[in-house]
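A.B. asks: Contents are PDB, C-alpha atoms; file name final09.pdb:
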ATOM      1  CA  MET A1192      83.650  95.014 -96.888
ATOM      2  CA  ILE A1193      84.038  95.010-100.657
ATOM      3  CA  ARG A1194      81.187  96.903-102.319
ATOM      4  CA  GLY A1195      82.118  96.474-105.977
ATOM      5  CA  ILE A1196      84.406  97.774-108.685
ATOM      6  CA  HIS A1197      84.763 101.544-108.428
ATOM      7  CA  HIS A1198      86.683 102.282-111.625
ATOM      8  CA  ILE A1199      88.857 100.959-114.364
ATOM      9  CA  ALA A1200      91.824 102.927-115.650
ATOM     10  CA  VAL A1201      93.182 103.353-119.147
ATOM     11  CA  HIS A1202      96.350 105.044-120.368
ATOM     12  CA  VAL A1203      95.885 107.017-123.576
ATOM     13  CA  HIS A1204      98.194 109.025-125.813
ATOM     14  CA  ASP A1205      95.737 111.888-126.516
ATOM     15  CA  MET A1206      93.401 112.413-123.569
ATOM     16  CA  ASP A1207      91.286 115.171-125.124
ATOM     17  CA  LYS A1208      90.576 113.048-128.212
ATOM     18  CA  MET A1209      89.807 109.969-126.124
ATOM     19  CA  ILE A1210      87.490 111.827-123.730
ATOM     20  CA  ARG A1211      85.515 112.996-126.778
ATOM     21  CA  PHE A1212      85.429 109.410-128.094
ATOM     22  CA  TYR A1213      84.216 107.872-124.813
ATOM     23  CA  LYS A1214      81.586 110.606-124.428
ATOM     24  CA  GLU A1215      80.216 110.050-127.947
ATOM     25  CA  ALA A1216      80.626 106.269-128.038
ATOM     26  CA  PHE A1217      79.448 105.261-124.568
ATOM     27  CA  GLY A1218      77.937 108.306-122.885
ATOM     28  CA  PHE A1219      80.756 108.776-120.371
ATOM     29  CA  GLU A1220      80.855 112.201-118.743
ATOM     30  CA  VAL A1221      83.779 113.898-117.020
ATOM     31  CA  VAL A1222      83.188 114.274-113.287
ATOM     32  CA  GLY A1223      85.192 116.576-111.066
ATOM     33  CA  GLU A1224      88.153 118.533-112.317
ATOM     34  CA  PRO A1225      90.824 117.049-114.581
ATOM     35  CA  PHE A1226      94.138 116.743-112.724
ATOM     36  CA  SER A1227      97.863 116.596-113.414
ATOM     37  CA  TRP A1228     101.172 116.125-111.644
ATOM     38  CA  GLU A1229     104.897 116.285-112.226
ATOM     39  CA  ASN A1230     107.859 115.961-109.829
ATOM     40  CA  ASN A1231     105.508 114.894-107.035
ATOM     41  CA  GLU A1232     107.018 112.196-104.794
ATOM     42  CA  PHE A1233     103.686 111.693-103.024
ATOM     43  CA  ILE A1234     101.824 110.893-106.280
ATOM     44  CA  ASP A1235     104.794 108.786-107.459
ATOM     45  CA  ARG A1236     104.284 106.663-104.322
ATOM     46  CA  ILE A1237     100.547 106.300-104.996
ATOM     47  CA  VAL A1238     100.953 105.201-108.642
ATOM     48  CA  SER A1239     104.186 103.315-107.854
ATOM     49  CA  VAL A1240     106.067 105.045-110.675
ATOM     50  CA  LYS A1241     109.186 107.117-109.917
ATOM     51  CA  ASN A1242     109.627 110.496-111.629
ATOM     52  CA  SER A1243     106.180 110.342-113.238
ATOM     53  CA  ALA A1244     104.313 113.144-114.938
ATOM     54  CA  ALA A1245     100.773 112.826-116.215
ATOM     55  CA  ARG A1246      97.396 114.407-116.533
ATOM     56  CA  GLY A1247      94.158 112.624-115.904
ATOM     57  CA  ALA A1248      90.403 112.767-115.591
ATOM     58  CA  MET A1249      87.640 110.693-114.046
ATOM     59  CA  LEU A1250      84.702 109.789-116.266
ATOM     60  CA  LYS A1251      81.374 108.227-115.301
ATOM     61  CA  ALA A1252      78.933 105.960-117.122
ATOM     62  CA  GLY A1253      76.084 104.350-115.226
ATOM     63  CA  THR A1254      77.446 102.393-112.273
ATOM     64  CA  CYS A1255      81.108 102.571-113.321
ATOM     65  CA  TYR A1256      83.892 105.140-113.435
ATOM     66  CA  MET A1257      86.837 105.201-115.817
ATOM     67  CA  GLU A1258      90.034 106.956-114.807
ATOM     68  CA  MET A1259      91.927 108.155-117.858
ATOM     69  CA  PHE A1260      95.644 108.995-117.787
ATOM     70  CA  GLU A1261      97.957 110.555-120.329
ATOM     71  CA  TYR A1262     101.517 110.015-119.052
ATOM     72  CA  GLN A1263     104.301 112.303-120.230
ATOM     73  CA  LYS A1264     106.948 110.512-118.100
ATOM     74  CA  PRO A1265     108.181 107.831-118.160
ATOM     75  CA  ALA A1266     107.888 106.693-121.770
ATOM     76  CA  ALA A1267     105.444 103.829-122.291
ATOM     77  CA  ASN A1268     106.811 100.280-122.566
ATOM     78  CA  ASN A1269     104.012  99.411-124.968
ATOM     79  CA  THR A1270     102.573 101.897-127.454
ATOM     80  CA  LYS A1271      99.667  99.758-128.694
ATOM     81  CA  GLY A1272      96.702  98.296-126.847
ATOM     82  CA  LEU A1273      97.101  94.902-125.196
ATOM     83  CA  ASP A1274      95.817  91.768-126.880
ATOM     84  CA  PRO A1275      93.406  89.428-125.058
ATOM     85  CA  TYR A1276      96.228  86.948-124.307
ATOM     86  CA  ASP A1277      98.641  89.547-122.847
ATOM     87  CA  LYS A1278      99.315  89.664-119.135
ATOM     88  CA  GLY A1279      97.338  92.278-117.246
ATOM     89  CA  TYR A1280      93.959  93.941-117.552
ATOM     90  CA  THR A1281      93.158  93.577-121.216
ATOM     91  CA  HIS A1282      89.625  94.904-121.760
ATOM     92  CA  PHE A1283      86.360  96.092-120.329
ATOM     93  CA  CYS A1284      82.908  95.153-121.563
ATOM     94  CA  VAL A1285      79.988  97.414-122.450
ATOM     95  CA  ASP A1286      76.496  95.917-122.419
ATOM     96  CA  ALA A1287      74.282  96.952-125.341
ATOM     97  CA  ILE A1288      70.762  96.572-126.652
ATOM     98  CA  GLY A1289      70.635  96.344-130.443
ATOM     99  CA  ILE A1290      74.283  95.365-130.805
ATOM    100  CA  GLU A1291      74.269  95.332-134.614
ATOM    101  CA  GLU A1292      73.213  98.986-134.760
ATOM    102  CA  GLU A1293      75.667  99.910-132.000
ATOM    103  CA  LEU A1294      78.563  98.346-133.933
ATOM    104  CA  VAL A1295      77.720 100.493-136.969
ATOM    105  CA  ARG A1296      77.543 103.617-134.757
ATOM    106  CA  LEU A1297      80.817 102.786-132.983
ATOM    107  CA  LYS A1298      82.613 102.168-136.284
ATOM    108  CA  GLY A1299      81.523 105.668-137.320
ATOM    109  CA  LEU A1300      83.199 107.007-134.170
ATOM    110  CA  GLY A1301      86.513 105.324-134.939
ATOM    111  CA  MET A1302      86.281 101.865-133.371
ATOM    112  CA  THR A1303      87.602  98.943-135.392
ATOM    113  CA  PHE A1304      86.372  95.353-135.271
ATOM    114  CA  PRO A1305      87.950  92.163-136.656
ATOM    115  CA  GLU A1306      84.564  90.677-137.658
ATOM    116  CA  ASP A1307      81.670  92.064-139.693
ATOM    117  CA  GLY A1308      79.173  91.427-136.899
ATOM    118  CA  PRO A1309      78.727  90.001-133.404
ATOM    119  CA  ILE A1310      79.377  86.363-132.598
ATOM    120  CA  VAL A1311      76.642  84.403-130.785
ATOM    121  CA  MET A1312      77.980  82.496-127.795
ATOM    122  CA  ASP A1313      75.402  80.795-125.587
ATOM    123  CA  HIS A1314      73.895  83.674-123.582
ATOM    124  CA  VAL A1315      75.355  86.687-125.434
ATOM    125  CA  LYS A1316      76.105  88.213-128.801
ATOM    126  CA  THR A1317      79.608  89.598-128.441
ATOM    127  CA  LEU A1318      82.465  91.218-130.328
ATOM    128  CA  TYR A1319      85.814  92.616-129.268
ATOM    129  CA  GLY A1320      86.909  95.864-130.882
ATOM    130  CA  ARG A1321      89.493  98.591-130.422
ATOM    131  CA  ASP A1322      89.029 102.255-129.583
ATOM    132  CA  PRO A1323      90.844 104.809-131.787
ATOM    133  CA  GLU A1324      94.078 104.248-129.795
ATOM    134  CA  GLY A1325      93.907 100.457-129.911
ATOM    135  CA  ASN A1326      92.538  99.730-126.425
ATOM    136  CA  LEU A1327      90.404  96.605-126.373
ATOM    137  CA  ILE A1328      86.672  96.905-125.597
ATOM    138  CA  GLU A1329      84.109  94.100-125.665
ATOM    139  CA  ILE A1330      80.582  94.958-126.803
ATOM    140  CA  GLN A1331      77.934  92.438-125.755
ATOM    141  CA  GLU A1332      74.187  91.970-125.783
ATOM    142  CA  THR A1333      72.600  89.445-123.433
ATOM    143  CA  ILE A1334      70.238  87.256-125.480
ATOM    144  CA  ASP A1335      69.346  84.464-123.037
ATOM    145  CA  ALA A1336      66.949  85.164-120.165
ATOM    146  CA  ASN A1337      68.705  82.394-118.213
ATOM    147  CA  CYS A1338      72.068  84.197-118.236
ATOM    148  CA  ASP A1339      73.632  84.070-114.747
ATOM    149  CA  PHE A1340      75.092  87.586-114.945
ATOM    150  CA  PRO A1341      72.875  90.027-116.870
ATOM    151  CA  LEU A1342      73.464  93.730-116.342
ATOM    152  CA  ASP A1343      69.987  93.943-114.814
ATOM    153  CA  ASN A1344      71.228  91.893-111.822
ATOM    154  CA  LEU A1345      73.434  94.798-110.722
ATOM    155  CA  PRO A1346      71.797  97.288-108.367
ATOM    156  CA  PRO A1347      70.517 100.487-109.948
ATOM    157  CA  VAL A1348      72.517 103.684-109.549
ATOM    158  CA  GLY A1349      71.969 105.180-106.102
ATOM    159  CA  LYS A1350      71.065 101.917-104.387
ATOM    160  CA  LYS A1351      73.318 100.500-101.693
ATOM    161  CA  SER A1352      75.015  97.283-102.712
ATOM    162  CA  VAL A1353      77.177  94.951-100.693
ATOM    163  CA  ILE A1354      79.174  92.150-102.281
ATOM    164  CA  SER A1355      80.407  90.689 -98.974
ATOM    165  CA  GLU A1356      79.938  91.527 -95.352
TER     166      GLU A1356
END
What is this structure when it is put down as C-alpha cells?

C.D. replies:
Amino acid sequence: MIRGIHHIAVHVHDMDKMIRFYKEAFGFEVVGEPFSWENNEFIDRIVSVKNSAARGAMLKAGTCYMEMFEYQKPAANNTKGLDPYDKGYTHFCVDAIGIEEELVRLKGLGMTFPEDGPIVMDHVKTLYGRDPEGNLIEIQETIDANCDFPLDNLPPVGKKSVISE
C-alpha cells in the first residue's frame, strides 16, 4: 500500500546555512536529532555509496519532509544545482498564496529567479528559482478553481490517506 511521498532529499554544501534558509523561506523545522556517519558499511549499503561520510537532518513543512545531506566523502560529481532538463530529480514545488509578495520575500532570503515575476500558465502562476546553493525550486499559486491538483485536495496533516489499496 503506497500512502504518499514521505520526503524529498537534497544535497547541500553548507547544511547549517541551508537549514536556516529553508526555515526562513518556507517554514521548515528540524525534527529529531541531526545525524552523521563515516566509515559505516551499513549506512554505505543503505545510501548505495561506498566509503561515504556525511551529516544530515530531517526537516518538516506541512505534509512533507525534506532530508538534507552534506556529504564530505566522496566528492560531488556536480557542484551546481541541476537544470530542469538534467536527468534525475530536478526540483520540488512550493504552493503559495500571494506569489508576487512571496517572490520579493524569497529574493531577500537569497533565492534567485530568471524572470521579474511569475508566469501565468492555465491553472497556475509559476516561477522556477534557485536556493542560495543553486538547487531548483518551483514556486506556484493555483489561480483556477478547476485545477485538477490543488494543494487543498491533499488530506490535512494528521488525517489518514491512502493512495492505493

A.B. asks: Which of these, A:Phe1283, A:Phe1233, A:Phe1219, A:Phe1340, has the shortest distance to A:Leu1318 once you count only C-alpha atoms?

C.D. replies: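 That would be A:Phe1283, the residue with the smallest distance to A:Leu1318.
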
A.B. asks: Taking only C-alpha atoms into account, which of A:Tyr1213, A:Val1311, A:Ile1334, A:Pro1323 comes nearest A:Lys1251?

C.D. replies: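 That would be A:Tyr1213, the residue with the smallest distance to A:Lys1251.
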
A.B. asks: Pull out every residue that the PyMOL selection byres ((chain A and resi 1199) around 6) matches in the shown coordinates and put them as a count of residues only.

C.D. replies: 3

A.B. asks: What is the distance between atom CA of A:Ile1328 and atom CA of A:Gly1223, in Å to one decimal?

C.D. replies: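 Here the two named atoms are 24.5 Å from each other.
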
A.B. asks: May I ask which of the residues A:Ile1234, A:Met1206, A:Ile1196, A:Ile1288 is the closest one to A:Thr1254, counting only C-alpha atoms?

C.D. replies: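 The closest residue to A:Thr1254 is A:Ile1196.
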
A.B. asks: Please list as a VMD selection string every residue within 10 Å of A:Asp1307, counting all atoms listed in the file and excluding residues in the same chain fewer than 5 positions away.

C.D. replies: chain A and resid 1291 1294 to 1295 1318

A.B. asks: Scan for residues within 9 Å of the point (78.2, 107.2, -127.6) in the coordinates of the file, using all atoms listed in the file, and reply as a list in words.

C.D. replies: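 The answer, in the requested form, is Phe1212, Tyr1213, Lys1214, Glu1215, Ala1216, Phe1217, Gly1218, Phe1219, Glu1293, Arg1296, Leu1297 and Leu1300 of chain A.
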
A.B. asks: Can you measure atom CA of A:Thr1303 to atom CA of A:Asp1339 for me? One decimal in Å is fine.

C.D. replies: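 So the two atoms, atom CA of A:Thr1303 and atom CA of A:Asp1339, lie 29.0 Å apart.
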
A.B. asks: Within 8 Å of A:Met1259, counting only C-alpha atoms, which residues show up once you throw out same-chain ones fewer than 4 positions away? Write them as a ChimeraX atom specification, please.

C.D. replies: /A:1200-1203,1206,1247-1250

A.B. asks: Residues at most 8 Å from A:Tyr1319, counting all atoms listed in the file, excluding those fewer than 5 positions away in the same chain, as a list in words?

C.D. replies: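 Near neighbours after the sequence-gap exclusion: Phe1304, Pro1305, Leu1327, Ile1328, Glu1329 and Ile1330 of chain A.
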
A.B. asks: Rank nothing, just name the residue among A:Asn1337, A:Asn1326, A:Gln1263, A:Asn1242 nearest to A:Asp1313, using all atoms listed in the file.

C.D. replies: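 Using all atoms listed in the file, A:Asp1313 sits closest to A:Asn1337.
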
A.B. asks: What is the atom CA of A:His1204 to atom CA of A:Gly1279 distance in Å?

C.D. replies: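 So the two atoms, atom CA of A:His1204 and atom CA of A:Gly1279, lie 18.8 Å apart.
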
A.B. asks: Could you expand the PyMOL selection byres ((chain A and resi 1312) around 12) into the explicit residues it covers here, written as a PyMOL selection string?

C.D. replies: chain A and resi 1309-1311+1313-1318+1331-1335+1338

A.B. asks: Using the selection just defined, write its residues with C-alpha atoms as a PDB file, in the coordinates of the input.

C.D. replies:
ATOM      1  CA  PRO A1309      78.727  90.001-133.404  1.00  0.00           C
ATOM      2  CA  ILE A1310      79.377  86.363-132.598  1.00  0.00           C
ATOM      3  CA  VAL A1311      76.642  84.403-130.785  1.00  0.00           C
ATOM      4  CA  ASP A1313      75.402  80.795-125.587  1.00  0.00           C
ATOM      5  CA  HIS A1314      73.895  83.674-123.582  1.00  0.00           C
ATOM      6  CA  VAL A1315      75.355  86.687-125.434  1.00  0.00           C
ATOM      7  CA  LYS A1316      76.105  88.213-128.801  1.00  0.00           C
ATOM      8  CA  THR A1317      79.608  89.598-128.441  1.00  0.00           C
ATOM      9  CA  LEU A1318      82.465  91.218-130.328  1.00  0.00           C
ATOM     10  CA  GLN A1331      77.934  92.438-125.755  1.00  0.00           C
ATOM     11  CA  GLU A1332      74.187  91.970-125.783  1.00  0.00           C
ATOM     12  CA  THR A1333      72.600  89.445-123.433  1.00  0.00           C
ATOM     13  CA  ILE A1334      70.238  87.256-125.480  1.00  0.00           C
ATOM     14  CA  ASP A1335      69.346  84.464-123.037  1.00  0.00           C
ATOM     15  CA  CYS A1338      72.068  84.197-118.236  1.00  0.00           C
TER      16      CYS A1338
END
